[in-house]
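S.K.: Quick one, my_file.cif (mmCIF, C-alpha atoms):
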data_input
#
loop_
_atom_site.label_atom_id
_atom_site.label_comp_id
_atom_site.auth_asym_id
_atom_site.auth_seq_id
_atom_site.Cartn_x
_atom_site.Cartn_y
_atom_site.Cartn_z
CA MET Q 1 89.99 74.62 122.17
CA THR Q 2 86.23 74.16 122.08
CA LEU Q 3 84.34 73.44 118.89
CA PHE Q 4 82.56 76.80 119.23
CA ALA Q 5 85.91 78.63 119.45
CA LYS Q 6 87.18 76.76 116.39
CA ILE Q 7 84.05 77.70 114.44
CA LEU Q 8 84.51 81.36 115.40
CA VAL Q 9 88.15 81.32 114.26
CA ILE Q 10 87.18 79.66 110.97
CA LEU Q 11 84.45 82.28 110.41
CA GLY Q 12 86.77 85.17 111.29
CA SER Q 13 89.52 83.71 109.13
CA SER Q 14 87.15 83.24 106.21
CA ALA Q 15 86.08 86.87 106.54
CA SER Q 16 89.71 88.01 106.79
CA MET Q 17 90.65 86.06 103.68
CA GLY Q 18 87.58 87.41 101.90
CA PHE Q 19 88.50 90.98 102.81
CA GLY Q 20 92.06 90.29 101.66
CA VAL Q 21 91.05 88.93 98.27
CA TRP Q 22 88.45 91.68 97.81
CA HIS Q 23 91.03 94.35 98.66
CA PHE Q 24 93.14 93.35 95.65
CA PHE Q 25 90.31 94.73 93.50
CA VAL Q 26 89.38 97.79 95.60
CA PRO Q 27 91.77 100.29 93.96
CA ARG Q 28 90.30 99.66 90.51
CA ALA Q 29 86.69 99.31 91.68
CA TRP Q 30 86.78 102.57 93.64
CA ARG Q 31 89.13 104.33 91.19
CA TRP Q 32 91.65 105.20 93.90
CA TYR Q 33 94.23 106.52 91.47
CA SER Q 34 91.84 109.05 89.96
CA TYR Q 35 92.22 111.00 93.22
CA VAL Q 36 96.00 111.13 92.92
CA ASP Q 37 97.90 113.61 90.77
CA ALA Q 38 99.13 111.85 87.62
CA ASP Q 39 102.67 113.13 88.31
CA ALA Q 40 102.75 111.49 91.75
CA THR Q 41 104.08 108.17 90.48
CA GLU Q 42 105.85 107.36 93.76
CA LEU Q 43 102.61 107.85 95.66
CA VAL Q 44 100.76 105.52 93.28
CA ALA Q 45 103.53 102.92 93.71
CA ALA Q 46 103.37 103.29 97.49
CA ILE Q 47 99.57 102.88 97.55
CA ARG Q 48 99.81 99.83 95.28
CA ALA Q 49 102.53 98.22 97.43
CA THR Q 50 100.76 98.97 100.71
CA ASN Q 51 97.48 97.57 99.44
CA ALA Q 52 99.16 94.42 98.10
CA PHE Q 53 100.97 93.89 101.42
CA PHE Q 54 97.75 94.52 103.35
CA SER Q 55 95.73 92.17 101.15
CA LEU Q 56 98.28 89.37 101.39
CA SER Q 57 98.55 89.85 105.16
CA LEU Q 58 94.81 89.39 105.60
CA VAL Q 59 94.83 86.25 103.47
CA PHE Q 60 97.90 84.75 105.17
CA PHE Q 61 96.73 85.56 108.73
CA GLY Q 62 93.45 83.86 107.90
CA ILE Q 63 95.23 80.78 106.53
CA VAL Q 64 97.65 80.58 109.47
CA ASN Q 65 94.85 80.83 112.04
CA VAL Q 66 92.88 78.03 110.37
CA LEU Q 67 95.96 75.81 110.05
CA LEU Q 68 96.87 76.33 113.70
CA ILE Q 69 93.45 75.58 115.15
CA LEU Q 70 92.85 72.56 112.91
CA GLY Q 71 96.38 71.17 113.14
CA ASP Q 72 97.15 68.43 115.61
CA ARG Q 73 100.70 69.68 116.22
CA SER Q 74 99.83 73.25 117.21
CA SER Q 75 100.87 74.30 120.68
CA ARG Q 76 98.68 76.35 122.99
CA TYR Q 77 101.35 79.05 122.93
CA SER Q 78 101.42 79.35 119.12
CA ILE Q 79 97.64 79.58 118.97
CA ILE Q 80 97.57 82.26 121.68
CA VAL Q 81 100.27 84.34 119.99
CA THR Q 82 98.60 84.19 116.59
CA LEU Q 83 95.11 84.87 117.95
CA ALA Q 84 96.47 87.77 120.03
CA ALA Q 85 98.16 89.34 117.00
CA THR Q 86 95.07 88.90 114.83
CA SER Q 87 92.75 90.17 117.58
CA PHE Q 88 94.92 93.23 118.11
CA LEU Q 89 94.92 94.02 114.38
CA TRP Q 90 91.15 93.72 114.05
CA LEU Q 91 90.49 95.66 117.28
CA THR Q 92 92.75 98.38 115.88
CA ARG Q 93 90.65 98.38 112.71
CA VAL Q 94 87.49 98.75 114.82
CA ALA Q 95 89.03 101.69 116.71
CA LEU Q 96 90.10 103.37 113.47
CA GLN Q 97 86.59 102.96 112.05
CA VAL Q 98 85.16 104.64 115.16
CA VAL Q 99 87.68 107.50 115.25
CA TYR Q 100 88.21 108.01 111.49
CA PRO Q 101 85.17 106.40 109.85
CA GLN Q 102 85.22 105.28 106.26
CA GLY Q 103 82.13 104.89 104.13
CA THR Q 104 80.50 108.17 105.13
CA LEU Q 105 79.67 108.99 101.49
CA TYR Q 106 77.12 106.17 101.28
CA PRO Q 107 74.35 105.91 103.91
CA GLY Q 108 74.72 102.83 106.03
CA LEU Q 109 78.14 101.85 104.69
CA GLN Q 110 80.02 103.40 107.61
CA TYR Q 111 78.05 101.39 110.16
CA GLY Q 112 78.00 98.28 108.00
CA MET Q 113 81.79 98.39 107.89
CA LEU Q 114 81.98 98.97 111.64
CA SER Q 115 79.63 96.03 112.27
CA ALA Q 116 81.67 93.74 110.01
CA PHE Q 117 84.93 94.74 111.71
CA VAL Q 118 83.44 94.20 115.19
CA VAL Q 119 82.13 90.75 114.22
CA VAL Q 120 85.51 89.67 112.80
CA ALA Q 121 87.34 91.05 115.87
CA LEU Q 122 85.00 89.07 118.14
CA CYS Q 123 85.57 85.92 116.08
CA TYR Q 124 89.22 86.08 117.13
CA THR Q 125 88.97 87.73 120.56
CA ILE Q 126 86.39 85.35 122.07
CA PRO Q 127 88.49 82.22 121.28
CA LEU Q 128 91.61 84.03 122.54
CA VAL Q 129 89.99 84.80 125.90
CA SER Q 130 88.56 81.28 125.98
CA ILE Q 131 91.93 79.62 125.49
CA LEU Q 132 93.62 81.97 127.97
CA PHE Q 133 91.18 80.95 130.71
CA GLN Q 134 90.90 77.31 129.71
CA ARG Q 135 92.11 74.85 132.32
CA ARG Q 136 95.21 73.00 131.26
CA PRO Q 137 95.50 69.33 132.10
CA ALA Q 138 97.85 68.62 134.98
#
Can you dump the structure from the file as structure tokens?
M.R.:
Amino acid sequence: MTLFAKILVILGSSASMGFGVWHFFVPRAWRWYSYVDADATELVAAIRATNAFFSLSLVFFGIVNVLLILGDRSSRYSIIVTLAATSFLWLTRVALQVVYPQGTLYPGLQYGMLSAFVVVALCYTIPLVSILFQRRPA
């Protein structure tokens, strides 16, 4: 993997981990539960669990990607599989932001979010394509 590809993965992974850590605080910061009926305790529990799982997934995917690209024992296959999974997840997030945009209540936020998601997706997708087309030694 080229140095440029490694830098992109590290940047994308740093952003993923940042989004993951930040998302632990989103429900309180944006008062998510104020929009939910107080009697809907199961819904609150489901939102809390989903957000925790999502946040941890972002952090762990970021960590795993960095460990794989910096590790000297990582196989080409393991790097491709992990980058493909991460690319697919971020490209899905880009598509969801286009089809069902978030942030429409605040001018610029919707497109700022879309831009951030596109940049992170590219940080994983460019190295993935690079490693897929990289010549392997004979």
S.K.: I would like the residues chosen by the PyMOL selection byres ((chain Q and resi 13) around 12) on the shown file; could you give them as a ChimeraX atom specification?
M.R.: /Q:6-12,14-20,57-69,82-83,86-87,90,119-124
S.K.: Take the residues from that selection and put them in a file with C-alpha atoms, as a PDB file, in the coordinates of the input.
M.R.:
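Saved result, selection_13.pdb, follows:
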ATOM      1  CA  LYS Q   6      87.180  76.760 116.390  1.00  0.00           C
ATOM      2  CA  ILE Q   7      84.050  77.700 114.440  1.00  0.00           C
ATOM      3  CA  LEU Q   8      84.510  81.360 115.400  1.00  0.00           C
ATOM      4  CA  VAL Q   9      88.150  81.320 114.260  1.00  0.00           C
ATOM      5  CA  ILE Q  10      87.180  79.660 110.970  1.00  0.00           C
ATOM      6  CA  LEU Q  11      84.450  82.280 110.410  1.00  0.00           C
ATOM      7  CA  GLY Q  12      86.770  85.170 111.290  1.00  0.00           C
ATOM      8  CA  SER Q  14      87.150  83.240 106.210  1.00  0.00           C
ATOM      9  CA  ALA Q  15      86.080  86.870 106.540  1.00  0.00           C
ATOM     10  CA  SER Q  16      89.710  88.010 106.790  1.00  0.00           C
ATOM     11  CA  MET Q  17      90.650  86.060 103.680  1.00  0.00           C
ATOM     12  CA  GLY Q  18      87.580  87.410 101.900  1.00  0.00           C
ATOM     13  CA  PHE Q  19      88.500  90.980 102.810  1.00  0.00           C
ATOM     14  CA  GLY Q  20      92.060  90.290 101.660  1.00  0.00           C
ATOM     15  CA  SER Q  57      98.550  89.850 105.160  1.00  0.00           C
ATOM     16  CA  LEU Q  58      94.810  89.390 105.600  1.00  0.00           C
ATOM     17  CA  VAL Q  59      94.830  86.250 103.470  1.00  0.00           C
ATOM     18  CA  PHE Q  60      97.900  84.750 105.170  1.00  0.00           C
ATOM     19  CA  PHE Q  61      96.730  85.560 108.730  1.00  0.00           C
ATOM     20  CA  GLY Q  62      93.450  83.860 107.900  1.00  0.00           C
ATOM     21  CA  ILE Q  63      95.230  80.780 106.530  1.00  0.00           C
ATOM     22  CA  VAL Q  64      97.650  80.580 109.470  1.00  0.00           C
ATOM     23  CA  ASN Q  65      94.850  80.830 112.040  1.00  0.00           C
ATOM     24  CA  VAL Q  66      92.880  78.030 110.370  1.00  0.00           C
ATOM     25  CA  LEU Q  67      95.960  75.810 110.050  1.00  0.00           C
ATOM     26  CA  LEU Q  68      96.870  76.330 113.700  1.00  0.00           C
ATOM     27  CA  ILE Q  69      93.450  75.580 115.150  1.00  0.00           C
ATOM     28  CA  THR Q  82      98.600  84.190 116.590  1.00  0.00           C
ATOM     29  CA  LEU Q  83      95.110  84.870 117.950  1.00  0.00           C
ATOM     30  CA  THR Q  86      95.070  88.900 114.830  1.00  0.00           C
ATOM     31  CA  SER Q  87      92.750  90.170 117.580  1.00  0.00           C
ATOM     32  CA  TRP Q  90      91.150  93.720 114.050  1.00  0.00           C
ATOM     33  CA  VAL Q 119      82.130  90.750 114.220  1.00  0.00           C
ATOM     34  CA  VAL Q 120      85.510  89.670 112.800  1.00  0.00           C
ATOM     35  CA  ALA Q 121      87.340  91.050 115.870  1.00  0.00           C
ATOM     36  CA  LEU Q 122      85.000  89.070 118.140  1.00  0.00           C
ATOM     37  CA  CYS Q 123      85.570  85.920 116.080  1.00  0.00           C
ATOM     38  CA  TYR Q 124      89.220  86.080 117.130  1.00  0.00           C
TER      39      TYR Q 124
END
S.K.: Could you tell me how far CA of Ala46 in chain Q lies from CA of Phe24 in chain Q, in Å and to one decimal?
M.R.: 14.4 Å
S.K.: Which is closer to His23 in chain Q than all the others in Q:Tyr100, Q:Phe54, Q:Phe133, Q:Phe4, using all atoms listed in the file?
M.R.: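 Among Q:Tyr100, Q:Phe54, Q:Phe133, Q:Phe4, it is Q:Phe54 that comes nearest to His23 in chain Q.
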S.K.: Tell me which of Q:Thr2, Q:Ser115, Q:Ile79, Q:Ala84 sits closest to Val98 in chain Q, counting only C-alpha atoms.
M.R.: Q:Ser115
S.K.: From the options Q:Ala45, Q:Leu96, Q:Ala29, Q:Val129, which residue's atoms come nearest to Ala5 in chain Q, counting only C-alpha atoms?
M.R.: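 Looking at the shortest contact to Ala5 in chain Q, the residue is Q:Val129.
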S.K.: Give me, as a list of chain:residue names, all polymer residues having an atom no more than 12 Å from Arg48 in chain Q, counting all atoms listed in the file and skipping those fewer than 5 positions away in the same chain.
M.R.: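 Counting only the stated atoms, we get Q:His23, Q:Phe24, Q:Phe25, Q:Val26, Q:Pro27, Q:Arg28, Q:Trp32, Q:Tyr33, Q:Thr41, Q:Glu42, Q:Leu43, Q:Phe53, Q:Phe54, Q:Ser55.
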S.K.: Measure the distance from CA of Leu89 in chain Q to CA of Arg135 in chain Q in Å and round it to one decimal.
M.R.: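 These atoms are spaced 26.4 Å apart.
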S.K.: Between CA of Leu128 in chain Q and CA of Gly112 in chain Q, what is the distance, to one decimal in Å?
M.R.: 24.5 Å
S.K.: Could you please fill out range 92-103 of chain Q with all heavy atoms and send it back as a compact mmCIF listing (two decimals), keeping the file's coordinate frame?
M.R.:
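Written output follows (result-v8.txt):
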# COMPACT_ATOMS: atom_id res chain seq x y z
N THR Q 92 92.22 97.11 116.38
CA THR Q 92 92.75 98.38 115.88
C THR Q 92 91.90 98.89 114.73
O THR Q 92 91.59 100.08 114.64
CB THR Q 92 94.22 98.22 115.44
OG1 THR Q 92 94.99 97.79 116.57
CG2 THR Q 92 94.78 99.52 114.90
N ARG Q 93 91.49 97.97 113.85
CA ARG Q 93 90.65 98.38 112.71
C ARG Q 93 89.30 98.90 113.18
O ARG Q 93 88.75 99.86 112.64
CB ARG Q 93 90.46 97.20 111.74
CG ARG Q 93 89.71 97.58 110.48
CD ARG Q 93 90.48 98.66 109.72
NE ARG Q 93 89.74 99.19 108.61
CZ ARG Q 93 89.06 100.36 108.62
NH1 ARG Q 93 89.03 101.09 109.71
NH2 ARG Q 93 88.44 100.79 107.55
N VAL Q 94 88.75 98.28 114.23
CA VAL Q 94 87.49 98.75 114.82
C VAL Q 94 87.69 100.16 115.37
O VAL Q 94 86.87 101.07 115.11
CB VAL Q 94 87.00 97.80 115.92
CG1 VAL Q 94 85.86 98.42 116.73
CG2 VAL Q 94 86.56 96.47 115.33
N ALA Q 95 88.76 100.36 116.12
CA ALA Q 95 89.03 101.69 116.71
C ALA Q 95 89.20 102.75 115.62
O ALA Q 95 88.67 103.86 115.74
CB ALA Q 95 90.28 101.63 117.60
N LEU Q 96 89.92 102.41 114.56
CA LEU Q 96 90.10 103.37 113.47
C LEU Q 96 88.78 103.70 112.79
O LEU Q 96 88.54 104.85 112.39
CB LEU Q 96 91.10 102.83 112.44
CG LEU Q 96 92.55 102.80 112.90
CD1 LEU Q 96 93.41 102.01 111.92
CD2 LEU Q 96 93.08 104.22 113.04
N GLN Q 97 87.90 102.72 112.66
CA GLN Q 97 86.59 102.96 112.05
C GLN Q 97 85.73 103.87 112.92
O GLN Q 97 84.95 104.66 112.42
CB GLN Q 97 85.87 101.64 111.75
CG GLN Q 97 84.56 101.79 111.02
CD GLN Q 97 84.70 102.35 109.61
OE1 GLN Q 97 85.77 102.38 109.03
NE2 GLN Q 97 83.59 102.82 109.06
N VAL Q 98 85.90 103.77 114.24
CA VAL Q 98 85.16 104.64 115.16
C VAL Q 98 85.71 106.06 115.12
O VAL Q 98 84.96 107.04 115.03
CB VAL Q 98 85.20 104.07 116.60
CG1 VAL Q 98 84.66 105.08 117.61
CG2 VAL Q 98 84.42 102.77 116.68
N VAL Q 99 87.05 106.19 115.17
CA VAL Q 99 87.68 107.50 115.25
C VAL Q 99 87.74 108.20 113.89
O VAL Q 99 87.46 109.40 113.79
CB VAL Q 99 89.10 107.38 115.85
CG1 VAL Q 99 89.81 108.72 115.87
CG2 VAL Q 99 89.03 106.80 117.26
N TYR Q 100 88.11 107.46 112.85
CA TYR Q 100 88.21 108.01 111.49
C TYR Q 100 87.36 107.15 110.55
O TYR Q 100 87.88 106.35 109.79
CB TYR Q 100 89.66 107.99 111.00
CG TYR Q 100 90.63 108.71 111.89
CD1 TYR Q 100 91.56 107.99 112.65
CD2 TYR Q 100 90.64 110.09 111.98
CE1 TYR Q 100 92.46 108.65 113.47
CE2 TYR Q 100 91.53 110.75 112.81
CZ TYR Q 100 92.44 110.02 113.55
OH TYR Q 100 93.33 110.67 114.35
N PRO Q 101 86.04 107.31 110.61
CA PRO Q 101 85.17 106.40 109.85
C PRO Q 101 85.32 106.51 108.34
O PRO Q 101 85.49 107.60 107.80
CB PRO Q 101 83.76 106.82 110.28
CG PRO Q 101 83.90 108.19 110.84
CD PRO Q 101 85.30 108.33 111.33
N GLN Q 102 85.28 105.36 107.71
CA GLN Q 102 85.22 105.28 106.26
C GLN Q 102 83.79 104.95 105.87
O GLN Q 102 83.04 104.42 106.67
CB GLN Q 102 86.14 104.17 105.74
CG GLN Q 102 87.60 104.49 105.85
CD GLN Q 102 88.42 103.35 105.28
OE1 GLN Q 102 88.58 102.33 105.93
NE2 GLN Q 102 88.91 103.53 104.07
N GLY Q 103 83.45 105.24 104.63
CA GLY Q 103 82.13 104.89 104.13
C GLY Q 103 81.07 105.93 104.40
O GLY Q 103 79.88 105.65 104.27
